>>> print(open('my_file_35.cif').read())   # mmCIF, N, CA and C atoms
data_target
#
loop_
_atom_site.group_PDB
_atom_site.id
_atom_site.type_symbol
_atom_site.label_atom_id
_atom_site.label_comp_id
_atom_site.auth_asym_id
_atom_site.auth_seq_id
_atom_site.Cartn_x
_atom_site.Cartn_y
_atom_site.Cartn_z
ATOM 1 N N MET C 1 -2.191 -0.507 -10.417
ATOM 2 C CA MET C 1 -2.173 -0.901 -9.028
ATOM 3 C C MET C 1 -1.744 -2.356 -8.894
ATOM 4 N N ARG C 2 -2.225 -3.234 -9.792
ATOM 5 C CA ARG C 2 -1.833 -4.640 -9.714
ATOM 6 C C ARG C 2 -0.345 -4.806 -9.964
ATOM 7 N N LEU C 3 0.201 -4.014 -10.887
ATOM 8 C CA LEU C 3 1.619 -4.113 -11.187
ATOM 9 C C LEU C 3 2.451 -3.726 -9.976
ATOM 10 N N ILE C 4 2.044 -2.695 -9.273
ATOM 11 C CA ILE C 4 2.776 -2.251 -8.085
ATOM 12 C C ILE C 4 2.761 -3.342 -7.022
ATOM 13 N N LEU C 5 1.641 -4.023 -6.878
ATOM 14 C CA LEU C 5 1.542 -5.074 -5.868
ATOM 15 C C LEU C 5 2.227 -6.359 -6.307
ATOM 16 N N SER C 6 2.247 -6.631 -7.612
ATOM 17 C CA SER C 6 2.811 -7.901 -8.060
ATOM 18 C C SER C 6 4.338 -7.888 -8.125
ATOM 19 N N LEU C 7 4.948 -6.733 -8.304
ATOM 20 C CA LEU C 7 6.411 -6.682 -8.391
ATOM 21 C C LEU C 7 7.107 -7.137 -7.107
ATOM 22 N N PRO C 8 6.706 -6.663 -5.919
ATOM 23 C CA PRO C 8 7.371 -7.164 -4.707
ATOM 24 C C PRO C 8 7.157 -8.664 -4.502
ATOM 25 N N VAL C 9 5.981 -9.153 -4.843
ATOM 26 C CA VAL C 9 5.718 -10.587 -4.702
ATOM 27 C C VAL C 9 6.625 -11.370 -5.641
ATOM 28 N N LEU C 10 6.797 -10.884 -6.855
ATOM 29 C CA LEU C 10 7.669 -11.546 -7.819
ATOM 30 C C LEU C 10 9.113 -11.569 -7.317
ATOM 31 N N VAL C 11 9.570 -10.482 -6.741
ATOM 32 C CA VAL C 11 10.941 -10.423 -6.215
ATOM 33 C C VAL C 11 11.117 -11.424 -5.083
ATOM 34 N N VAL C 12 10.138 -11.510 -4.199
ATOM 35 C CA VAL C 12 10.233 -12.442 -3.073
ATOM 36 C C VAL C 12 10.237 -13.886 -3.574
ATOM 37 N N VAL C 13 9.370 -14.176 -4.529
ATOM 38 C CA VAL C 13 9.322 -15.544 -5.074
ATOM 39 C C VAL C 13 10.636 -15.894 -5.755
ATOM 40 N N LEU C 14 11.184 -14.966 -6.551
ATOM 41 C CA LEU C 14 12.471 -15.230 -7.199
ATOM 42 C C LEU C 14 13.583 -15.439 -6.176
ATOM 43 N N ALA C 15 13.564 -14.662 -5.107
ATOM 44 C CA ALA C 15 14.578 -14.835 -4.062
ATOM 45 C C ALA C 15 14.433 -16.207 -3.402
ATOM 46 N N MET C 16 13.193 -16.610 -3.157
ATOM 47 C CA MET C 16 12.973 -17.919 -2.535
ATOM 48 C C MET C 16 13.400 -19.042 -3.465
ATOM 49 N N VAL C 17 13.111 -18.914 -4.746
ATOM 50 C CA VAL C 17 13.485 -19.953 -5.703
ATOM 51 C C VAL C 17 15.000 -20.053 -5.822
ATOM 52 N N SER C 18 15.671 -18.911 -5.893
ATOM 53 C CA SER C 18 17.129 -18.950 -6.021
ATOM 54 C C SER C 18 17.773 -19.509 -4.750
ATOM 55 N N GLU C 19 17.211 -19.193 -3.609
ATOM 56 C CA GLU C 19 17.744 -19.728 -2.358
ATOM 57 C C GLU C 19 17.445 -21.222 -2.252
ATOM 58 N N ALA C 20 16.263 -21.613 -2.680
ATOM 59 C CA ALA C 20 15.884 -23.030 -2.611
ATOM 60 C C ALA C 20 16.715 -23.855 -3.587
ATOM 61 N N ALA C 21 17.088 -23.285 -4.711
ATOM 62 C CA ALA C 21 17.892 -24.021 -5.683
ATOM 63 C C ALA C 21 19.297 -24.301 -5.151
ATOM 64 N N SER C 22 19.780 -23.445 -4.275
ATOM 65 C CA SER C 22 21.113 -23.647 -3.734
ATOM 66 C C SER C 22 21.133 -24.697 -2.618
ATOM 67 N N GLN C 23 19.968 -25.015 -2.065
ATOM 68 C CA GLN C 23 19.892 -26.022 -1.007
ATOM 69 C C GLN C 23 19.576 -27.383 -1.629
ATOM 70 N N PRO C 24 20.308 -28.424 -1.267
ATOM 71 C CA PRO C 24 20.065 -29.733 -1.868
ATOM 72 C C PRO C 24 18.723 -30.339 -1.470
ATOM 73 N N ASP C 25 18.313 -30.225 -0.214
ATOM 74 C CA ASP C 25 17.046 -30.804 0.239
ATOM 75 C C ASP C 25 16.073 -29.671 0.529
ATOM 76 N N HIS C 26 15.373 -29.226 -0.472
ATOM 77 C CA HIS C 26 14.485 -28.089 -0.305
ATOM 78 C C HIS C 26 13.018 -28.496 -0.284
ATOM 79 N N SER C 27 12.731 -29.776 -0.386
ATOM 80 C CA SER C 27 11.333 -30.210 -0.396
ATOM 81 C C SER C 27 10.669 -30.019 0.960
ATOM 82 N N SER C 28 11.404 -30.175 2.050
ATOM 83 C CA SER C 28 10.803 -30.030 3.372
ATOM 84 C C SER C 28 10.841 -28.589 3.868
ATOM 85 N N SER C 29 11.678 -27.741 3.283
ATOM 86 C CA SER C 29 11.802 -26.386 3.802
ATOM 87 C C SER C 29 10.857 -25.397 3.132
ATOM 88 N N ILE C 30 10.292 -25.729 1.981
ATOM 89 C CA ILE C 30 9.412 -24.793 1.278
ATOM 90 C C ILE C 30 8.156 -24.472 2.092
ATOM 91 N N PRO C 31 7.449 -25.441 2.650
ATOM 92 C CA PRO C 31 6.274 -25.070 3.455
ATOM 93 C C PRO C 31 6.625 -24.199 4.662
ATOM 94 N N GLY C 32 7.754 -24.501 5.281
ATOM 95 C CA GLY C 32 8.188 -23.690 6.418
ATOM 96 C C GLY C 32 8.524 -22.274 5.999
ATOM 97 N N LYS C 33 9.213 -22.133 4.872
ATOM 98 C CA LYS C 33 9.563 -20.805 4.383
ATOM 99 C C LYS C 33 8.314 -20.021 3.974
ATOM 100 N N LEU C 34 7.354 -20.713 3.360
ATOM 101 C CA LEU C 34 6.114 -20.041 2.983
ATOM 102 C C LEU C 34 5.342 -19.570 4.211
ATOM 103 N N LYS C 35 5.366 -20.383 5.253
ATOM 104 C CA LYS C 35 4.689 -19.993 6.492
ATOM 105 C C LYS C 35 5.383 -18.783 7.121
ATOM 106 N N GLU C 36 6.722 -18.781 7.116
ATOM 107 C CA GLU C 36 7.473 -17.633 7.630
ATOM 108 C C GLU C 36 7.200 -16.389 6.807
ATOM 109 N N LEU C 37 7.178 -16.556 5.484
ATOM 110 C CA LEU C 37 6.896 -15.442 4.590
ATOM 111 C C LEU C 37 5.506 -14.878 4.850
ATOM 112 N N LYS C 38 4.525 -15.753 5.009
ATOM 113 C CA LYS C 38 3.157 -15.326 5.291
ATOM 114 C C LYS C 38 3.096 -14.549 6.592
ATOM 115 N N ASN C 39 3.745 -15.046 7.619
ATOM 116 C CA ASN C 39 3.731 -14.359 8.911
ATOM 117 C C ASN C 39 4.425 -13.005 8.832
ATOM 118 N N ALA C 40 5.548 -12.947 8.130
ATOM 119 C CA ALA C 40 6.270 -11.679 8.006
ATOM 120 C C ALA C 40 5.458 -10.664 7.213
ATOM 121 N N LEU C 41 4.873 -11.092 6.103
ATOM 122 C CA LEU C 41 4.058 -10.178 5.310
ATOM 123 C C LEU C 41 2.829 -9.716 6.074
ATOM 124 N N GLU C 42 2.221 -10.629 6.797
ATOM 125 C CA GLU C 42 1.043 -10.284 7.589
ATOM 126 C C GLU C 42 1.382 -9.216 8.620
ATOM 127 N N GLU C 43 2.502 -9.370 9.285
ATOM 128 C CA GLU C 43 2.924 -8.402 10.303
ATOM 129 C C GLU C 43 3.250 -7.050 9.676
ATOM 130 N N LYS C 44 3.946 -7.061 8.541
ATOM 131 C CA LYS C 44 4.296 -5.810 7.876
ATOM 132 C C LYS C 44 3.064 -5.065 7.386
ATOM 133 N N VAL C 45 2.106 -5.806 6.842
ATOM 134 C CA VAL C 45 0.871 -5.171 6.373
ATOM 135 C C VAL C 45 0.100 -4.595 7.550
ATOM 136 N N ARG C 46 0.034 -5.325 8.639
ATOM 137 C CA ARG C 46 -0.658 -4.841 9.833
ATOM 138 C C ARG C 46 -0.010 -3.557 10.346
ATOM 139 N N LEU C 47 1.316 -3.536 10.395
ATOM 140 C CA LEU C 47 2.015 -2.336 10.851
ATOM 141 C C LEU C 47 1.807 -1.164 9.896
ATOM 142 N N ALA C 48 1.799 -1.428 8.597
ATOM 143 C CA ALA C 48 1.589 -0.357 7.618
ATOM 144 C C ALA C 48 0.190 0.232 7.748
ATOM 145 N N ILE C 49 -0.801 -0.612 7.939
ATOM 146 C CA ILE C 49 -2.170 -0.118 8.092
ATOM 147 C C ILE C 49 -2.305 0.708 9.362
ATOM 148 N N GLU C 50 -1.706 0.251 10.435
ATOM 149 C CA GLU C 50 -1.747 1.017 11.681
ATOM 150 C C GLU C 50 -1.048 2.367 11.523
ATOM 151 N N HIS C 51 0.067 2.378 10.811
ATOM 152 C CA HIS C 51 0.796 3.625 10.583
ATOM 153 C C HIS C 51 -0.053 4.607 9.781
ATOM 154 N N ILE C 52 -0.740 4.098 8.760
ATOM 155 C CA ILE C 52 -1.594 4.960 7.938
ATOM 156 C C ILE C 52 -2.763 5.491 8.758
ATOM 157 N N LYS C 53 -3.343 4.632 9.600
ATOM 158 C CA LYS C 53 -4.459 5.076 10.441
ATOM 159 C C LYS C 53 -4.042 6.174 11.403
ATOM 160 N N GLN C 54 -2.823 6.113 11.903
ATOM 161 C CA GLN C 54 -2.368 7.077 12.891
ATOM 162 C C GLN C 54 -1.786 8.343 12.273
ATOM 163 N N SER C 55 -1.525 8.343 10.984
ATOM 164 C CA SER C 55 -0.930 9.513 10.360
ATOM 165 C C SER C 55 -1.997 10.541 10.015
ATOM 166 N N ASP C 56 -1.561 11.756 9.728
ATOM 167 C CA ASP C 56 -2.467 12.843 9.364
ATOM 168 C C ASP C 56 -2.689 12.925 7.868
ATOM 169 N N PHE C 57 -2.069 12.061 7.098
ATOM 170 C CA PHE C 57 -2.153 12.140 5.643
ATOM 171 C C PHE C 57 -3.582 12.075 5.109
ATOM 172 N N PRO C 58 -4.417 11.112 5.547
ATOM 173 C CA PRO C 58 -5.793 11.084 5.016
ATOM 174 C C PRO C 58 -6.580 12.355 5.346
ATOM 175 N N LYS C 59 -6.401 12.845 6.557
ATOM 176 C CA LYS C 59 -7.117 14.059 6.975
ATOM 177 C C LYS C 59 -6.653 15.268 6.160
ATOM 178 N N LYS C 60 -5.354 15.415 5.987
ATOM 179 C CA LYS C 60 -4.830 16.533 5.205
ATOM 180 C C LYS C 60 -5.271 16.452 3.751
ATOM 181 N N THR C 61 -5.279 15.256 3.191
ATOM 182 C CA THR C 61 -5.701 15.075 1.804
ATOM 183 C C THR C 61 -7.172 15.435 1.646
ATOM 184 N N ARG C 62 -7.996 14.975 2.561
ATOM 185 C CA ARG C 62 -9.427 15.276 2.505
ATOM 186 C C ARG C 62 -9.656 16.782 2.614
ATOM 187 N N ASN C 63 -8.950 17.448 3.517
ATOM 188 C CA ASN C 63 -9.088 18.899 3.674
ATOM 189 C C ASN C 63 -8.632 19.629 2.415
ATOM 190 N N TRP C 64 -7.543 19.177 1.815
ATOM 191 C CA TRP C 64 -7.047 19.826 0.602
ATOM 192 C C TRP C 64 -8.058 19.716 -0.524
ATOM 193 N N PHE C 65 -8.632 18.523 -0.709
ATOM 194 C CA PHE C 65 -9.640 18.335 -1.753
ATOM 195 C C PHE C 65 -10.878 19.191 -1.475
ATOM 196 N N SER C 66 -11.295 19.275 -0.228
ATOM 197 C CA SER C 66 -12.466 20.088 0.112
ATOM 198 C C SER C 66 -12.212 21.560 -0.181
ATOM 199 N N GLU C 67 -11.043 22.046 0.216
ATOM 200 C CA GLU C 67 -10.706 23.447 -0.030
ATOM 201 C C GLU C 67 -10.608 23.737 -1.526
ATOM 202 N N THR C 68 -9.979 22.850 -2.262
ATOM 203 C CA THR C 68 -9.837 23.039 -3.710
ATOM 204 C C THR C 68 -11.206 23.011 -4.386
ATOM 205 N N TYR C 69 -12.064 22.104 -3.980
ATOM 206 C CA TYR C 69 -13.405 22.027 -4.543
ATOM 207 C C TYR C 69 -14.183 23.311 -4.243
ATOM 208 N N SER C 70 -14.065 23.806 -3.023
ATOM 209 C CA SER C 70 -14.755 25.047 -2.667
ATOM 210 C C SER C 70 -14.254 26.218 -3.501
ATOM 211 N N LYS C 71 -12.958 26.288 -3.717
ATOM 212 C CA LYS C 71 -12.392 27.373 -4.522
ATOM 213 C C LYS C 71 -12.879 27.306 -5.965
ATOM 214 N N VAL C 72 -12.888 26.096 -6.536
ATOM 215 C CA VAL C 72 -13.347 25.928 -7.918
ATOM 216 C C VAL C 72 -14.835 26.262 -8.022
ATOM 217 N N LYS C 73 -15.601 25.817 -7.064
ATOM 218 C CA LYS C 73 -17.038 26.090 -7.046
ATOM 219 C C LYS C 73 -17.299 27.592 -6.971
ATOM 220 N N GLU C 74 -16.579 28.268 -6.123
ATOM 221 C CA GLU C 74 -16.727 29.728 -5.997
ATOM 222 C C GLU C 74 -16.293 30.442 -7.274
ATOM 223 N N LYS C 75 -15.251 29.970 -7.885
ATOM 224 C CA LYS C 75 -14.778 30.565 -9.137
ATOM 225 C C LYS C 75 -15.816 30.421 -10.245
ATOM 226 N N PHE C 76 -16.466 29.248 -10.319
ATOM 227 C CA PHE C 76 -17.519 29.051 -11.302
ATOM 228 C C PHE C 76 -18.709 29.969 -11.030
ATOM 229 N N LYS C 77 -19.045 30.141 -9.755
ATOM 230 C CA LYS C 77 -20.156 31.028 -9.404
ATOM 231 C C LYS C 77 -19.886 32.456 -9.856
ATOM 232 N N THR C 78 -18.668 32.932 -9.577
ATOM 233 C CA THR C 78 -18.358 34.314 -9.951
ATOM 234 C C THR C 78 -18.178 34.473 -11.454
ATOM 235 N N THR C 79 -17.695 33.477 -12.135
ATOM 236 C CA THR C 79 -17.456 33.571 -13.571
ATOM 237 C C THR C 79 -18.755 33.500 -14.362
ATOM 238 N N PHE C 80 -19.647 32.602 -14.006
ATOM 239 C CA PHE C 80 -20.839 32.363 -14.797
ATOM 240 C C PHE C 80 -22.085 33.035 -14.232
ATOM 241 N N SER C 81 -21.949 33.915 -13.264
ATOM 242 C CA SER C 81 -23.106 34.633 -12.717
ATOM 243 C C SER C 81 -23.359 35.926 -13.430
#
>>> encode(input="my_file_35.cif", output="structure tokens")
Amino acid sequence: MRLILSLPVLVVVLAMVSEAASQPDHSSSIPGKLKELKNALEEKVRLAIEHIKQSDFPKKTRNWFSETYSKVKEKFKTTFS
């Protein structure tokens, strides 16, 4: 899980470093870029969480696990009774 989360951050940092290296005066723009990056990431995460909350995926997953558990439980009852 950490690897999945760290790869996009690494790509963004590398992109920022390569872009900053091409600019001659990058000492004053780094805090501004970091603030923009923070705001953009914050907005994207907020939208992703809202999308997940509104989707049926968690409900369908929970129902699938419940049904599968019930089937396995019933199979054990009939097999070992």
>>> atom_distance(input="my_file_35.cif", atom1="atom CA of Val11 of chain C", atom2="atom CA of Leu34 of chain C")
14.2 Å
>>> atom_distance(input="my_file_35.cif", atom1="atom CA of Leu41 of chain C", atom2="atom CA of Phe57 of chain C")
23.2 Å
>>> closest_residue(input="my_file_35.cif", among="C:Glu50, C:Ile30, C:Asp56, C:Leu37", to="Val12 of chain C", atoms="only C-alpha atoms")
C:Leu37
>>> atom_distance(input="my_file_35.cif", atom1="atom N of Val13 of chain C", atom2="atom C of Lys33 of chain C")
10.4 Å
